file data-v3.txt (compact mmCIF, C-alpha atoms)
# COMPACT_ATOMS: atom_id res chain seq x y z
CA MET A 62 16.67 -8.87 9.98
CA ASP A 63 17.97 -11.04 7.13
CA GLU A 64 20.39 -9.57 4.61
CA VAL A 65 18.79 -7.20 2.11
CA ARG A 66 20.06 -5.11 -0.79
CA ILE A 67 21.49 -1.77 0.27
CA ASN A 68 18.84 0.20 -1.66
CA LYS A 69 16.06 -1.60 0.22
CA TYR A 70 17.86 -0.99 3.52
CA LEU A 71 18.03 2.76 2.84
CA SER A 72 14.28 2.84 2.21
CA GLN A 73 13.58 0.80 5.36
CA CYS A 74 15.56 3.38 7.32
CA GLY A 75 13.23 6.08 6.03
CA LEU A 76 16.03 7.91 4.22
CA CYS A 77 14.32 7.82 0.83
CA SER A 78 12.19 5.67 -1.43
CA ARG A 79 13.81 2.58 -2.94
CA ARG A 80 13.58 4.28 -6.35
CA GLU A 81 15.71 7.17 -5.07
CA ALA A 82 18.12 4.95 -3.12
CA ASP A 83 20.24 4.03 -6.16
CA LYS A 84 21.06 7.73 -6.69
CA TYR A 85 22.09 8.06 -3.05
CA ILE A 86 24.39 5.05 -3.44
CA GLU A 87 25.87 6.27 -6.74
CA SER A 88 26.64 9.63 -5.12
CA GLY A 89 29.29 7.89 -2.99
CA ASN A 90 27.77 9.21 0.23
CA VAL A 91 26.64 5.81 1.53
CA THR A 92 29.13 3.65 3.44
CA ILE A 93 28.96 0.11 4.82
CA ASN A 94 31.36 -0.61 7.68
CA GLY A 95 33.53 2.31 6.54
CA LYS A 96 33.65 1.36 2.84
CA VAL A 97 31.78 3.25 0.10
CA ALA A 98 28.70 1.24 -0.89
CA VAL A 99 28.04 0.13 -4.46
CA LEU A 100 24.83 -0.99 -6.13
CA GLY A 101 24.03 -4.60 -5.29
CA ASP A 102 25.72 -4.64 -1.86
CA ARG A 103 23.80 -6.54 0.81
CA VAL A 104 23.56 -5.59 4.49
CA SER A 105 21.97 -6.65 7.75
CA GLU A 106 21.22 -4.83 11.01
CA SER A 107 24.66 -5.79 12.33
CA ASP A 108 26.36 -3.67 9.65
CA ASP A 109 27.32 -0.03 10.21
CA VAL A 110 25.50 1.79 7.39
CA ARG A 111 25.89 5.56 7.10
CA TYR A 112 24.79 8.37 4.83
CA LYS A 113 27.11 11.39 4.84
CA GLY A 114 28.57 10.03 8.06
CA LYS A 115 25.25 9.68 9.87
CA LYS A 116 24.41 6.16 11.05
CA LEU A 117 21.20 4.74 9.60
CA LEU A 118 18.88 2.46 11.55
CA VAL A 119 15.80 0.62 10.33
CA GLU A 120 12.60 2.30 11.49
CA LYS A 121 10.84 -0.01 13.93
CA GLU A 122 7.52 1.81 14.04
CA PHE A 123 5.57 1.86 10.76
CA VAL A 124 4.08 5.23 9.76
CA LEU A 125 1.37 5.95 7.18
CA LEU A 126 -0.21 9.39 7.20
CA ALA A 127 -2.92 11.07 5.13
CA TYR A 128 -2.25 14.80 4.62
CA ASN A 129 -4.53 17.42 3.07
CA LYS A 130 -2.06 19.51 1.06
CA PRO A 131 -3.03 23.16 0.68
CA ILE A 132 -2.59 25.06 -2.57
CA GLY A 133 0.85 26.71 -2.53
CA VAL A 134 2.68 23.87 -0.80
CA GLU A 135 5.29 22.17 -2.99
CA CYS A 136 6.07 18.45 -3.08
CA THR A 137 9.77 18.81 -2.37
CA ALA A 138 11.99 17.98 0.57
CA ASP A 139 14.34 20.88 -0.25
CA LYS A 140 14.64 22.85 3.00
CA LYS A 141 15.74 25.92 1.03
CA ASN A 142 12.22 26.10 -0.38
CA PRO A 143 10.01 27.83 2.23
CA ASP A 144 6.95 26.03 0.83
CA ASN A 145 8.43 22.51 1.08
CA ILE A 146 5.91 19.90 2.13
CA ILE A 147 8.13 18.27 4.78
CA ASP A 148 8.26 21.45 6.89
CA LYS A 149 4.57 22.14 6.27
CA ILE A 150 3.41 18.77 7.61
CA GLY A 151 5.73 19.16 10.61
CA TYR A 152 5.90 15.49 11.59
CA ASN A 153 8.41 14.52 14.28
CA LYS A 154 9.83 11.46 12.52
CA LYS A 155 11.64 10.87 9.23
CA ILE A 156 8.96 10.38 6.55
CA PHE A 157 8.60 11.06 2.85
CA TYR A 158 5.68 11.79 0.56
CA VAL A 159 4.27 9.24 -1.88
CA GLY A 160 3.60 10.62 -5.34
CA ARG A 161 3.10 14.31 -6.04
CA LEU A 162 0.57 17.10 -6.44
CA ASP A 163 1.63 20.29 -8.22
CA LYS A 164 1.84 23.56 -6.30
CA ASN A 165 -1.52 24.84 -7.58
CA SER A 166 -3.38 21.63 -6.67
CA CYS A 167 -4.59 20.47 -3.27
CA GLY A 168 -5.81 17.35 -1.51
CA LEU A 169 -4.60 13.96 -0.42
CA ILE A 170 -0.90 13.12 -0.15
CA LEU A 171 0.27 9.98 1.65
CA PHE A 172 3.39 9.99 3.82
CA THR A 173 5.25 6.92 5.06
CA ASN A 174 8.60 5.79 6.45
CA ASP A 175 8.42 2.53 4.46
CA GLY A 176 10.27 3.14 1.20
CA ASP A 177 9.26 -0.16 -0.37
CA LEU A 178 5.56 0.45 0.29
CA GLY A 179 5.79 4.02 -0.98
CA ASN A 180 7.48 2.89 -4.17
CA ARG A 181 4.84 0.23 -4.82
CA ILE A 182 2.01 2.73 -4.34
CA ALA A 183 3.59 5.34 -6.61
CA LYS A 184 4.64 3.03 -9.46
CA ALA A 185 2.40 3.75 -12.46
CA VAL A 186 2.85 0.20 -13.74
CA ASN A 187 0.81 -1.07 -10.78
CA GLU A 188 -2.23 0.93 -11.98
CA HIS A 189 -3.39 1.97 -8.51
CA GLU A 190 -6.42 4.27 -8.54
CA LYS A 191 -6.25 7.97 -7.63
CA GLU A 192 -9.47 10.00 -7.61
CA TYR A 193 -9.83 13.75 -8.19
CA VAL A 194 -12.44 16.50 -8.25
CA VAL A 195 -11.73 19.08 -10.96
CA LYS A 196 -13.30 22.39 -11.97
CA ILE A 197 -12.91 23.96 -15.42
CA LYS A 198 -13.47 27.44 -16.79
CA ASN A 199 -16.28 26.67 -19.23
CA GLN A 200 -19.38 24.51 -18.91
CA ILE A 201 -18.87 20.77 -19.12
CA THR A 202 -20.29 19.05 -22.18
CA ASP A 203 -20.90 15.40 -22.98
CA GLU A 204 -18.27 15.75 -25.70
CA PHE A 205 -15.67 16.90 -23.16
CA ILE A 206 -16.42 13.99 -20.80
CA ASN A 207 -16.19 11.57 -23.72
CA LYS A 208 -12.82 12.96 -24.85
CA MET A 209 -11.34 12.91 -21.34
CA SER A 210 -12.36 9.30 -20.73
CA LYS A 211 -10.57 8.06 -23.85
CA PRO A 212 -6.80 7.98 -24.46
CA VAL A 213 -5.46 11.54 -24.79
CA HIS A 214 -2.20 12.51 -26.50
CA ILE A 215 0.09 14.38 -24.07
CA LEU A 216 3.85 14.44 -23.37
CA ASP A 217 4.68 12.35 -26.46
CA THR A 218 2.55 9.49 -25.18
CA VAL A 219 -1.09 8.44 -24.85
CA THR A 220 -2.93 8.31 -21.52
CA ARG A 221 -4.77 5.23 -20.35
CA PRO A 222 -8.58 5.27 -20.66
CA CYS A 223 -10.06 6.51 -17.39
CA LYS A 224 -13.38 6.98 -15.60
CA VAL A 225 -14.75 10.52 -15.92
CA TRP A 226 -18.15 11.82 -14.81
CA LYS A 227 -19.93 15.17 -14.56
CA ILE A 228 -20.60 16.52 -11.03
CA ASP A 229 -22.08 19.90 -11.97
CA ASN A 230 -21.85 22.40 -14.85
CA HIS A 231 -18.18 23.21 -14.16
CA THR A 232 -17.02 20.23 -12.09
CA PHE A 233 -16.11 16.65 -12.98
CA GLY A 234 -14.71 13.62 -11.20
CA ILE A 235 -11.88 11.53 -12.64
CA ILE A 236 -10.03 8.37 -11.63
CA LEU A 237 -6.48 7.87 -12.94
CA THR A 238 -4.35 4.74 -12.86
CA GLN A 239 -1.13 6.46 -13.93
CA GLY A 240 0.76 9.55 -12.82
CA LEU A 241 2.16 11.56 -15.71
CA ASN A 242 3.45 15.06 -14.95
CA ARG A 243 0.48 17.43 -14.47
CA GLN A 244 -1.60 14.79 -16.22
CA ILE A 245 -5.13 16.09 -15.59
CA ARG A 246 -4.22 19.67 -16.45
CA ARG A 247 -2.52 18.56 -19.67
CA MET A 248 -5.41 16.24 -20.60
CA THR A 249 -7.92 19.03 -19.98
CA GLU A 250 -5.94 21.46 -22.15
CA ALA A 251 -5.67 18.83 -24.91
CA CYS A 252 -9.47 18.57 -24.79
CA GLY A 253 -9.85 22.34 -25.23
CA GLU A 254 -10.55 23.40 -21.62
CA GLN A 255 -8.68 24.93 -18.67
CA VAL A 256 -8.49 23.67 -15.06
CA THR A 257 -9.36 26.28 -12.41
CA PHE A 258 -9.30 23.94 -9.38
CA LEU A 259 -7.92 20.44 -8.80
CA LYS A 260 -8.22 18.34 -5.65
CA ARG A 261 -7.23 14.72 -5.01
CA ILE A 262 -9.70 12.98 -2.73
CA ARG A 263 -8.54 9.34 -2.78
CA VAL A 264 -5.43 7.19 -3.24
CA MET A 265 -6.42 3.53 -3.58
CA ASN A 266 -8.51 2.83 -0.43
CA ILE A 267 -7.32 5.90 1.53
CA LYS A 268 -9.85 8.75 1.36
CA LEU A 269 -9.47 12.43 2.20
CA ASP A 270 -13.03 12.73 3.55
CA ASN A 271 -13.37 15.68 5.96
CA LEU A 272 -9.68 16.07 6.85
CA GLU A 273 -9.01 19.79 7.41
CA ILE A 274 -6.78 21.61 4.92
CA GLY A 275 -3.16 21.60 6.12
CA LYS A 276 -3.77 18.83 8.66
CA TYR A 277 -2.77 15.16 8.71
CA ARG A 278 -4.13 12.03 10.33
CA GLU A 279 -2.70 8.59 11.01
CA CYS A 280 -4.24 5.95 8.78
CA THR A 281 -6.24 3.31 10.61
CA GLN A 282 -5.05 -0.28 10.93
CA LYS A 283 -7.93 -1.34 8.69
CA GLU A 284 -6.80 1.12 5.99
CA ILE A 285 -3.19 -0.05 6.31
CA ASP A 286 -4.09 -3.74 6.10
CA GLU A 287 -6.27 -3.18 3.02
CA LEU A 288 -3.62 -1.03 1.34
CA LYS A 289 -0.86 -3.60 1.94
CA GLN A 290 -3.13 -6.36 0.66
CA LYS A 291 -3.52 -4.45 -2.59
CA VAL A 292 0.13 -3.49 -3.15
CA TYR A 293 1.64 -6.83 -2.15
CA LYS A 294 -0.84 -9.11 -3.92

call {"tool": "encode", "arguments": {"input": "data-v3.txt", "output": "C-alpha cells"}}
result
Amino acid sequence: MDEVRINKYLSQCGLCSRREADKYIESGNVTINGKVAVLGDRVSESDDVRYKGKKLLVEKEFVLLAYNKPIGVECTADKKNPDNIIDKIGYNKKIFYVGRLDKNSCGLILFTNDGDLGNRIAKAVNEHEKEYVVKIKNQITDEFINKMSKPVHILDTVTRPCKVWKIDNHTFGIILTQGLNRQIRRMTEACGEQVTFLKRIRVMNIKLDNLEIGKYRECTQKEIDELKQKVYK
C-alpha cells in the first residue's frame, strides 16, 4: 500500500469513518511508531499504527451489508446502550453503520468496513438518493404532497425539493437527497401532519426488498460495483 493520510488509514482499518478519524487523532490516542499522531501525518502498511495501544491493520476483505433495522434499535456504537445497533447486528468483523435512522424508525441501514466508501455515501453534498415509505395520522391531501415536495423550512435551513407521491390514504413515498436530523418527521410536522410510521427501503441502488426485520444480508457483487461506480464517479 502506498502512503496515505492517517485519517484515511484509520478508516481503511475499519476503526471509524474518515469523517470521525480526525477526532480520534485529535484525542491523542493514535500513535505511529510509538509517537502520538497529528493531523496530516502519512503512513504505510510498514508503520506501526495503534489506537489506545491496539495495533491497527488494514482490512483485506471488503464488507458491505444491508441490515433491516427494527424499531427500538439505536444507531450508536456505545456498548453501554443495550439497544446499540452494533450488538444487534452481531457481525463477527469490525464494521460501522453508514448514515442513521432514529430509534422510532425502521428499515435499511448499510454497514461497511471501508471508511472512505461509507463517508462518500453519507455525505449530503453528494446528493445520493434515499427512499422511504411513511404513514401519517390524518388522510393525505394533494396540498400536503405539494408542500412536502417543495423546499420546507426546518432547523434554520431549507430542505431540497424532493419527490413525494401518495401510496394510499395515509401513506406516501419520498426520496431524499440530503440527511438532516429527523428530516422527514420535521418536514411532516412543518406541513401540519404527524408521522406514525417511517421505513427506509432504499439507499442509492441498494434495496431492502424482502429482507426480514432484524436480519442482514451481504450485498451482491453487482450491487457493490454499481454503488462504487456512483460514489467514485

call {"tool": "closest_residue", "arguments": {"input": "data-v3.txt", "among": "A:Thr257, A:Gln73, A:Asn153, A:Thr173", "to": "Glu106 in chain A", "atoms": "only C-alpha atoms"}}
result
A:Gln73

call {"tool": "closest_residue", "arguments": {"input": "data-v3.txt", "among": "A:Arg79, A:Lys191, A:Arg278, A:Lys149", "to": "Gly240 in chain A", "atoms": "only C-alpha atoms"}}
result
A:Lys191

call {"tool": "closest_residue", "arguments": {"input": "data-v3.txt", "among": "A:Gly101, A:Pro222, A:Gly95, A:Gly160", "to": "Val264 in chain A", "atoms": "only C-alpha atoms"}}
result
A:Gly160

call {"tool": "closest_residue", "arguments": {"input": "data-v3.txt", "among": "A:Thr281, A:Ser166, A:Ser210, A:Asn271", "to": "Cys136 in chain A", "atoms": "all atoms listed in the file"}}
result
A:Ser166

call {"tool": "atom_distance", "arguments": {"input": "data-v3.txt", "atom1": "CA of Ile156 in chain A", "atom2": "CA of Ala127 in chain A"}}
result
12.0 Å

call {"tool": "closest_residue", "arguments": {"input": "data-v3.txt", "among": "A:Val195, A:Cys77, A:Ala82, A:Val213", "to": "Asn230 in chain A", "atoms": "only C-alpha atoms"}}
result
A:Val195

call {"tool": "atom_distance", "arguments": {"input": "data-v3.txt", "atom1": "CA of Glu273 in chain A", "atom2": "CA of Val194 in chain A"}}
result
16.4 Å

call {"tool": "axis_aligned_box", "arguments": {"input": "data-v3.txt", "around": "range 124-137 of chain A", "padding_each_side": "3 Å", "output": "JSON"}}
result
{"center_x": 2.6, "center_y": 16.0, "center_z": 3.3, "size_x": 20.3, "size_y": 27.5, "size_z": 18.8}

call {"tool": "residues_around", "arguments": {"input": "data-v3.txt", "residues": "Asn199 in chain A", "least_positions_apart": "3", "cutoff": "12 Å", "atoms": "all atoms listed in the file", "output": "list of chain:residue names"}}
result
A:Lys196, A:Thr202, A:Phe205, A:Asp229, A:Asn230, A:His231, A:Thr232, A:Phe233, A:Thr249, A:Glu250, A:Cys252, A:Gly253, A:Glu254, A:Gln255, A:Val256, A:Thr257

call {"tool": "write_last_selection", "arguments": {"input": "data-v3.txt", "atoms": "C-alpha atoms", "output": "CSV table (one decimal), in the frame of the given file"}}
result
chain,number,residue,atom,x,y,z
A,196,LYS,CA,-13.3,22.4,-12.0
A,202,THR,CA,-20.3,19.0,-22.2
A,205,PHE,CA,-15.7,16.9,-23.2
A,229,ASP,CA,-22.1,19.9,-12.0
A,230,ASN,CA,-21.8,22.4,-14.8
A,231,HIS,CA,-18.2,23.2,-14.2
A,232,THR,CA,-17.0,20.2,-12.1
A,233,PHE,CA,-16.1,16.6,-13.0
A,249,THR,CA,-7.9,19.0,-20.0
A,250,GLU,CA,-5.9,21.5,-22.2
A,252,CYS,CA,-9.5,18.6,-24.8
A,253,GLY,CA,-9.8,22.3,-25.2
A,254,GLU,CA,-10.6,23.4,-21.6
A,255,GLN,CA,-8.7,24.9,-18.7
A,256,VAL,CA,-8.5,23.7,-15.1
A,257,THR,CA,-9.4,26.3,-12.4

call {"tool": "residues_near_point", "arguments": {"input": "data-v3.txt", "point": "(9.0, 12.7, 7.8)", "cutoff": "12 Å", "atoms": "all atoms listed in the file", "output": "PyMOL selection string"}}
result
chain A and resi 74-77+120+123-126+128+137-138+145-159+171-176

call {"tool": "closest_residue", "arguments": {"input": "data-v3.txt", "among": "A:Arg246, A:Lys130, A:Lys268, A:Lys184", "to": "Cys167 in chain A", "atoms": "all atoms listed in the file"}}
result
A:Lys130

call {"tool": "atom_distance", "arguments": {"input": "data-v3.txt", "atom1": "CA of Arg111 in chain A", "atom2": "CA of Ala183 in chain A"}}
result
26.2 Å

call {"tool": "residues_around", "arguments": {"input": "data-v3.txt", "residues": "Val99 in chain A", "least_positions_apart": "5", "cutoff": "9 Å", "atoms": "all atoms listed in the file", "output": "ChimeraX atom specification"}}
result
/A:67,83,86-87,89,91-92
